[in-house]
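Okay, run10.pdb is below, PDB, C-alpha atoms:
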ATOM      1  CA  GLN A   1     -18.818  -1.975  -1.719
ATOM      2  CA  VAL A   2     -15.969  -4.467  -1.472
ATOM      3  CA  GLN A   3     -16.722  -7.718   0.286
ATOM      4  CA  LEU A   4     -13.845  -9.641   1.813
ATOM      5  CA  VAL A   5     -14.052 -13.236   2.956
ATOM      6  CA  GLU A   6     -11.237 -14.826   4.924
ATOM      7  CA  SER A   7     -10.639 -18.545   5.105
ATOM      8  CA  GLY A   8      -7.994 -21.017   6.133
ATOM      9  CA  GLY A   9      -7.802 -20.416   9.842
ATOM     10  CA  GLY A  10      -7.643 -23.266  12.306
ATOM     11  CA  LEU A  11      -5.743 -24.977  15.066
ATOM     12  CA  VAL A  12      -2.033 -25.623  14.651
ATOM     13  CA  GLN A  13       0.775 -26.625  16.960
ATOM     14  CA  ALA A  14       3.530 -24.213  17.815
ATOM     15  CA  GLY A  15       6.197 -24.317  15.136
ATOM     16  CA  GLY A  16       3.686 -25.285  12.497
ATOM     17  CA  SER A  17       2.406 -23.474   9.445
ATOM     18  CA  LEU A  18      -0.907 -22.174   8.223
ATOM     19  CA  ARG A  19      -2.044 -20.129   5.247
ATOM     20  CA  VAL A  20      -5.023 -17.829   5.451
ATOM     21  CA  SER A  21      -6.689 -16.412   2.379
ATOM     22  CA  CYS A  22      -8.893 -13.442   1.693
ATOM     23  CA  ALA A  23     -11.109 -13.398  -1.380
ATOM     24  CA  ALA A  24     -12.427 -10.072  -2.596
ATOM     25  CA  SER A  25     -15.607  -9.444  -4.504
ATOM     26  CA  GLU A  26     -14.193  -6.427  -6.281
ATOM     27  CA  ARG A  27     -13.390  -6.882  -9.981
ATOM     28  CA  THR A  28     -10.888  -4.040  -9.777
ATOM     29  CA  PHE A  29      -9.043  -5.809  -6.965
ATOM     30  CA  SER A  30      -5.747  -4.822  -8.542
ATOM     31  CA  ASN A  31      -6.516  -1.209  -7.598
ATOM     32  CA  TYR A  32      -6.667  -2.020  -3.892
ATOM     33  CA  ALA A  33      -3.888  -2.117  -1.342
ATOM     34  CA  MET A  34      -4.429  -4.935   1.115
ATOM     35  CA  GLY A  35      -3.508  -5.607   4.682
ATOM     36  CA  TRP A  36      -3.733  -8.256   7.366
ATOM     37  CA  PHE A  37      -4.488  -7.407  10.966
ATOM     38  CA  ARG A  38      -5.133  -9.552  14.013
ATOM     39  CA  GLN A  39      -6.846  -9.267  17.347
ATOM     40  CA  ALA A  40      -6.068 -11.488  20.299
ATOM     41  CA  PRO A  41      -8.495 -11.864  23.214
ATOM     42  CA  GLY A  42      -8.414  -8.831  25.445
ATOM     43  CA  LYS A  43      -6.097  -6.944  23.144
ATOM     44  CA  GLU A  44      -6.478  -4.262  20.532
ATOM     45  CA  ARG A  45      -6.385  -5.060  16.860
ATOM     46  CA  GLU A  46      -2.848  -4.841  15.486
ATOM     47  CA  PHE A  47      -1.209  -4.629  12.109
ATOM     48  CA  VAL A  48       0.471  -7.744  10.727
ATOM     49  CA  ALA A  49       1.349  -7.226   7.062
ATOM     50  CA  ALA A  50       0.530  -5.026   4.091
ATOM     51  CA  ILE A  51       0.942  -5.260   0.342
ATOM     52  CA  SER A  52       0.595  -2.617  -2.323
ATOM     53  CA  SER A  53      -1.963  -2.988  -5.088
ATOM     54  CA  SER A  54       0.716  -4.074  -7.558
ATOM     55  CA  GLY A  55       2.225  -6.481  -5.055
ATOM     56  CA  GLY A  56       5.561  -4.812  -5.492
ATOM     57  CA  ARG A  57       5.859  -3.368  -2.011
ATOM     58  CA  ILE A  58       5.370  -5.247   1.222
ATOM     59  CA  TYR A  59       5.609  -4.308   4.877
ATOM     60  CA  TYR A  60       5.522  -6.442   8.024
ATOM     61  CA  LYS A  61       5.142  -6.057  11.731
ATOM     62  CA  ASP A  62       8.579  -6.664  13.229
ATOM     63  CA  SER A  63       7.563  -9.720  15.214
ATOM     64  CA  VAL A  64       6.412 -11.624  12.108
ATOM     65  CA  LYS A  65       9.276 -10.746   9.783
ATOM     66  CA  GLY A  66      10.963 -13.860   8.489
ATOM     67  CA  ARG A  67       8.014 -16.036   9.541
ATOM     68  CA  PHE A  68       5.020 -14.604   7.664
ATOM     69  CA  THR A  69       4.685 -13.876   3.970
ATOM     70  CA  ILE A  70       1.958 -11.772   2.411
ATOM     71  CA  SER A  71       1.204 -12.221  -1.271
ATOM     72  CA  ARG A  72      -1.589 -11.565  -3.701
ATOM     73  CA  ASP A  73      -3.006 -12.967  -6.892
ATOM     74  CA  ASN A  74      -4.777 -10.167  -8.703
ATOM     75  CA  ALA A  75      -6.163 -12.556 -11.300
ATOM     76  CA  GLU A  76      -7.887 -14.479  -8.508
ATOM     77  CA  ASN A  77      -8.832 -11.402  -6.434
ATOM     78  CA  THR A  78      -7.157 -13.001  -3.443
ATOM     79  CA  VAL A  79      -4.566 -12.042  -0.875
ATOM     80  CA  TYR A  80      -2.738 -14.605   1.216
ATOM     81  CA  LEU A  81      -0.852 -14.721   4.473
ATOM     82  CA  GLN A  82       1.508 -17.658   4.799
ATOM     83  CA  MET A  83       2.421 -18.150   8.437
ATOM     84  CA  ASN A  84       5.382 -20.336   9.378
ATOM     85  CA  SER A  85       7.079 -21.072  12.695
ATOM     86  CA  LEU A  86       3.896 -20.133  14.481
ATOM     87  CA  LYS A  87       4.092 -19.135  18.124
ATOM     88  CA  LEU A  88       1.531 -19.169  20.892
ATOM     89  CA  GLU A  89       1.377 -15.391  20.719
ATOM     90  CA  ASP A  90       0.209 -15.549  17.114
ATOM     91  CA  THR A  91      -3.150 -16.821  18.329
ATOM     92  CA  ALA A  92      -5.781 -14.307  17.244
ATOM     93  CA  VAL A  93      -8.602 -13.574  14.863
ATOM     94  CA  TYR A  94      -7.018 -12.548  11.582
ATOM     95  CA  TYR A  95      -8.702  -9.917   9.446
ATOM     96  CA  CYS A  96      -7.961  -8.761   5.942
ATOM     97  CA  ALA A  97      -8.601  -5.195   4.903
ATOM     98  CA  ALA A  98      -8.736  -3.297   1.633
ATOM     99  CA  ARG A  99      -8.209   0.256   0.567
ATOM    100  CA  ARG A 100      -8.485   1.649  -2.924
ATOM    101  CA  SER A 101      -5.110   3.102  -3.817
ATOM    102  CA  ALA A 102      -4.270   5.406  -6.719
ATOM    103  CA  ASN A 103      -0.602   4.676  -6.167
ATOM    104  CA  SER A 104       0.257   1.099  -7.094
ATOM    105  CA  GLY A 105       3.290   1.209  -4.834
ATOM    106  CA  SER A 106       1.644   2.375  -1.623
ATOM    107  CA  TYR A 107       0.934   0.214   1.396
ATOM    108  CA  TYR A 108      -0.832   1.073   4.624
ATOM    109  CA  TYR A 109      -0.228  -0.166   8.164
ATOM    110  CA  THR A 110      -2.858   1.455  10.337
ATOM    111  CA  ASP A 111      -6.412   0.221  10.520
ATOM    112  CA  VAL A 112      -7.908   3.677  10.043
ATOM    113  CA  GLN A 113      -6.395   3.785   6.565
ATOM    114  CA  TYR A 114      -8.525   0.873   5.380
ATOM    115  CA  ASP A 115     -12.095   1.111   4.181
ATOM    116  CA  TYR A 116     -13.225  -2.496   3.919
ATOM    117  CA  TRP A 117     -12.839  -5.405   6.307
ATOM    118  CA  GLY A 118     -13.523  -9.102   6.314
ATOM    119  CA  GLN A 119     -15.265 -10.977   9.098
ATOM    120  CA  GLY A 120     -12.085 -12.583  10.356
ATOM    121  CA  THR A 121     -10.771 -16.104  10.689
ATOM    122  CA  GLN A 122      -9.561 -17.675  13.921
ATOM    123  CA  VAL A 123      -5.985 -18.892  14.167
ATOM    124  CA  THR A 124      -5.141 -20.821  17.308
ATOM    125  CA  VAL A 125      -1.616 -21.963  18.067
ATOM    126  CA  SER A 126      -1.320 -24.670  20.712
ATOM    127  CA  SER A 127       1.679 -25.855  22.692
TER     128      SER A 127
END

Kindly return the structure encoded in the file as structure tokens.
Amino acid sequence: QVQLVESGGGLVQAGGSLRVSCAASERTFSNYAMGWFRQAPGKEREFVAAISSSGGRIYYKDSVKGRFTISRDNAENTVYLQMNSLKLEDTAVYYCAARRSANSGSYYYTDVQYDYWGQGTQVTVSS
């Protein structure tokens, strides 16, 4: 069972930056593809960014391209989401997710493809 713990959320003004982190309990973290999703009030959970287990392949939701950067440190069992130029519409609870992947170059962008989820961290962007 992989446990994921997000941190780093908070309140930030529009145009500002924030980095959220997700620490995994799994020692074989480097075998897991990771993803970030978010859920705004009254809306369904949506994909934000994904990274392959090797870190070599990355995929983003169109609306965050150029503003968000996903990265991972396999030595630290942690995945990050650096968020710049934040907008009001980025306000949501951000969740990280993990899926064991035999292919080091695969990434996944639907929530049903992931097996493990964190508890989420709130990101609020104010005007």

One residue among A:Lys87, A:Arg72, A:Arg57, A:Arg38 is nearest to Val12 in chain A when using only C-alpha atoms, and that residue is A:Lys87

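In terms of minimum interatomic distance to Gly16 in chain A, A:Asn84 ranks closest within A:Ser101, A:Gln122, A:Thr91, A:Asn84, counting all atoms listed in the file.
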
Expected selection from the PyMOL selection byres ((chain A and resi 56) around 12), given as a CSV table (one decimal) with C-alpha atoms, in the coordinates of the input:
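This is the output file expr39.csv:
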chain,number,residue,atom,x,y,z
A,30,SER,CA,-5.7,-4.8,-8.5
A,33,ALA,CA,-3.9,-2.1,-1.3
A,34,MET,CA,-4.4,-4.9,1.1
A,50,ALA,CA,0.5,-5.0,4.1
A,51,ILE,CA,0.9,-5.3,0.3
A,52,SER,CA,0.6,-2.6,-2.3
A,53,SER,CA,-2.0,-3.0,-5.1
A,54,SER,CA,0.7,-4.1,-7.6
A,55,GLY,CA,2.2,-6.5,-5.1
A,57,ARG,CA,5.9,-3.4,-2.0
A,58,ILE,CA,5.4,-5.2,1.2
A,59,TYR,CA,5.6,-4.3,4.9
A,70,ILE,CA,2.0,-11.8,2.4
A,71,SER,CA,1.2,-12.2,-1.3
A,72,ARG,CA,-1.6,-11.6,-3.7
A,73,ASP,CA,-3.0,-13.0,-6.9
A,103,ASN,CA,-0.6,4.7,-6.2
A,104,SER,CA,0.3,1.1,-7.1
A,105,GLY,CA,3.3,1.2,-4.8
A,106,SER,CA,1.6,2.4,-1.6
A,107,TYR,CA,0.9,0.2,1.4

So how far away is CA of Leu88 in chain A from CA of Ala49 in chain A, in Å?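 Computing the Euclidean distance for CA of Ala49 in chain A and CA of Leu88 in chain A yields 18.3 Å.
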
The residue from A:Gln39, A:Asp111, A:Ser63, A:Ala92 with the smallest atom-to-atom distance to Val123 in chain A, counting all atoms listed in the file, is A:Ala92

Once the PyMOL selection byres ((chain A and resi 112) around 12) is applied to the coordinates I shared, what remains selected? I want it as a PyMOL selection string. chain A and resi 35+37+45-47+97-99+108-111+113-117

Just-selected residues, C-alpha atoms written as a short mmCIF file (atom, residue, chain, number, x, y, z; two decimals), keeping the file's coordinate frame:
data_model
loop_
_atom_site.label_atom_id
_atom_site.label_comp_id
_atom_site.auth_asym_id
_atom_site.auth_seq_id
_atom_site.Cartn_x
_atom_site.Cartn_y
_atom_site.Cartn_z
CA GLY A 35 -3.51 -5.61 4.68
CA PHE A 37 -4.49 -7.41 10.97
CA ARG A 45 -6.38 -5.06 16.86
CA GLU A 46 -2.85 -4.84 15.49
CA PHE A 47 -1.21 -4.63 12.11
CA ALA A 97 -8.60 -5.20 4.90
CA ALA A 98 -8.74 -3.30 1.63
CA ARG A 99 -8.21 0.26 0.57
CA TYR A 108 -0.83 1.07 4.62
CA TYR A 109 -0.23 -0.17 8.16
CA THR A 110 -2.86 1.46 10.34
CA ASP A 111 -6.41 0.22 10.52
CA GLN A 113 -6.40 3.78 6.56
CA TYR A 114 -8.52 0.87 5.38
CA ASP A 115 -12.10 1.11 4.18
CA TYR A 116 -13.22 -2.50 3.92
CA TRP A 117 -12.84 -5.40 6.31
#

Separation of CA of Gly15 in chain A from CA of Ala40 in chain A in Å: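 So the two atoms, CA of Ala40 in chain A and CA of Gly15 in chain A, lie 18.5 Å apart.
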
Box for range 33-36 of chain A - axis-aligned, 5 Å on each of the six sides, all listed atoms - centre and size in Å to one decimal, as JSON.
{"center_x": -4.0, "center_y": -5.2, "center_z": 3.0, "size_x": 10.9, "size_y": 16.1, "size_z": 18.7}

Between A:Ser7, A:Asn74, A:Gln1, A:Gln13, single out the one closest to Ser126 in chain A, counting all atoms listed in the file. A:Gln13

Just to confirm, what's the straight-line distance from CA of Arg67 in chain A to CA of Ser17 in chain A in Å (one decimal)?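 Separation of CA of Arg67 in chain A and CA of Ser17 in chain A: 9.3 Å.
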
Any chance you could work out the residue set of the PyMOL selection byres ((chain A and resi 27) around 10) here, as number ranges by chain? A: 2, 24-26, 28-31, 74-77

Please provide the set of residues having any atom within 9 Å of Thr121 in chain A, restricted to all atoms listed in the file, with same-chain residues fewer than 5 positions apart removed, written as a PDB file with C-alpha atoms, keeping the file's coordinate frame.
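Dumped everything to out_6.pdb:
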ATOM      1  CA  VAL A   5     -14.052 -13.236   2.956  1.00  0.00           C
ATOM      2  CA  GLU A   6     -11.237 -14.826   4.924  1.00  0.00           C
ATOM      3  CA  SER A   7     -10.639 -18.545   5.105  1.00  0.00           C
ATOM      4  CA  GLY A   8      -7.994 -21.017   6.133  1.00  0.00           C
ATOM      5  CA  GLY A   9      -7.802 -20.416   9.842  1.00  0.00           C
ATOM      6  CA  GLY A  10      -7.643 -23.266  12.306  1.00  0.00           C
ATOM      7  CA  VAL A  20      -5.023 -17.829   5.451  1.00  0.00           C
ATOM      8  CA  ALA A  92      -5.781 -14.307  17.244  1.00  0.00           C
ATOM      9  CA  VAL A  93      -8.602 -13.574  14.863  1.00  0.00           C
ATOM     10  CA  TYR A  94      -7.018 -12.548  11.582  1.00  0.00           C
ATOM     11  CA  TYR A  95      -8.702  -9.917   9.446  1.00  0.00           C
TER      12      TYR A  95
END

Just checking: using all atoms listed in the file, which residue out of A:Thr69, A:Ser21, A:Gln119, A:Ser127 ends up closest to Glu89 in chain A?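 Using all atoms listed in the file, Glu89 in chain A sits closest to A:Ser127.
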
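With only C-alpha atoms as the atoms that count, the minimum distance from Leu86 in chain A to the choices A:Cys22, A:Val125, A:Leu11, A:Leu4 is reached by A:Val125.
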
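For Met83 in chain A, the list of residues within 6 Å, based on all atoms listed in the file and with local chain neighbours fewer than 5 positions off taken out, reads Ser17, Leu18, Arg19 and Phe68 of chain A.
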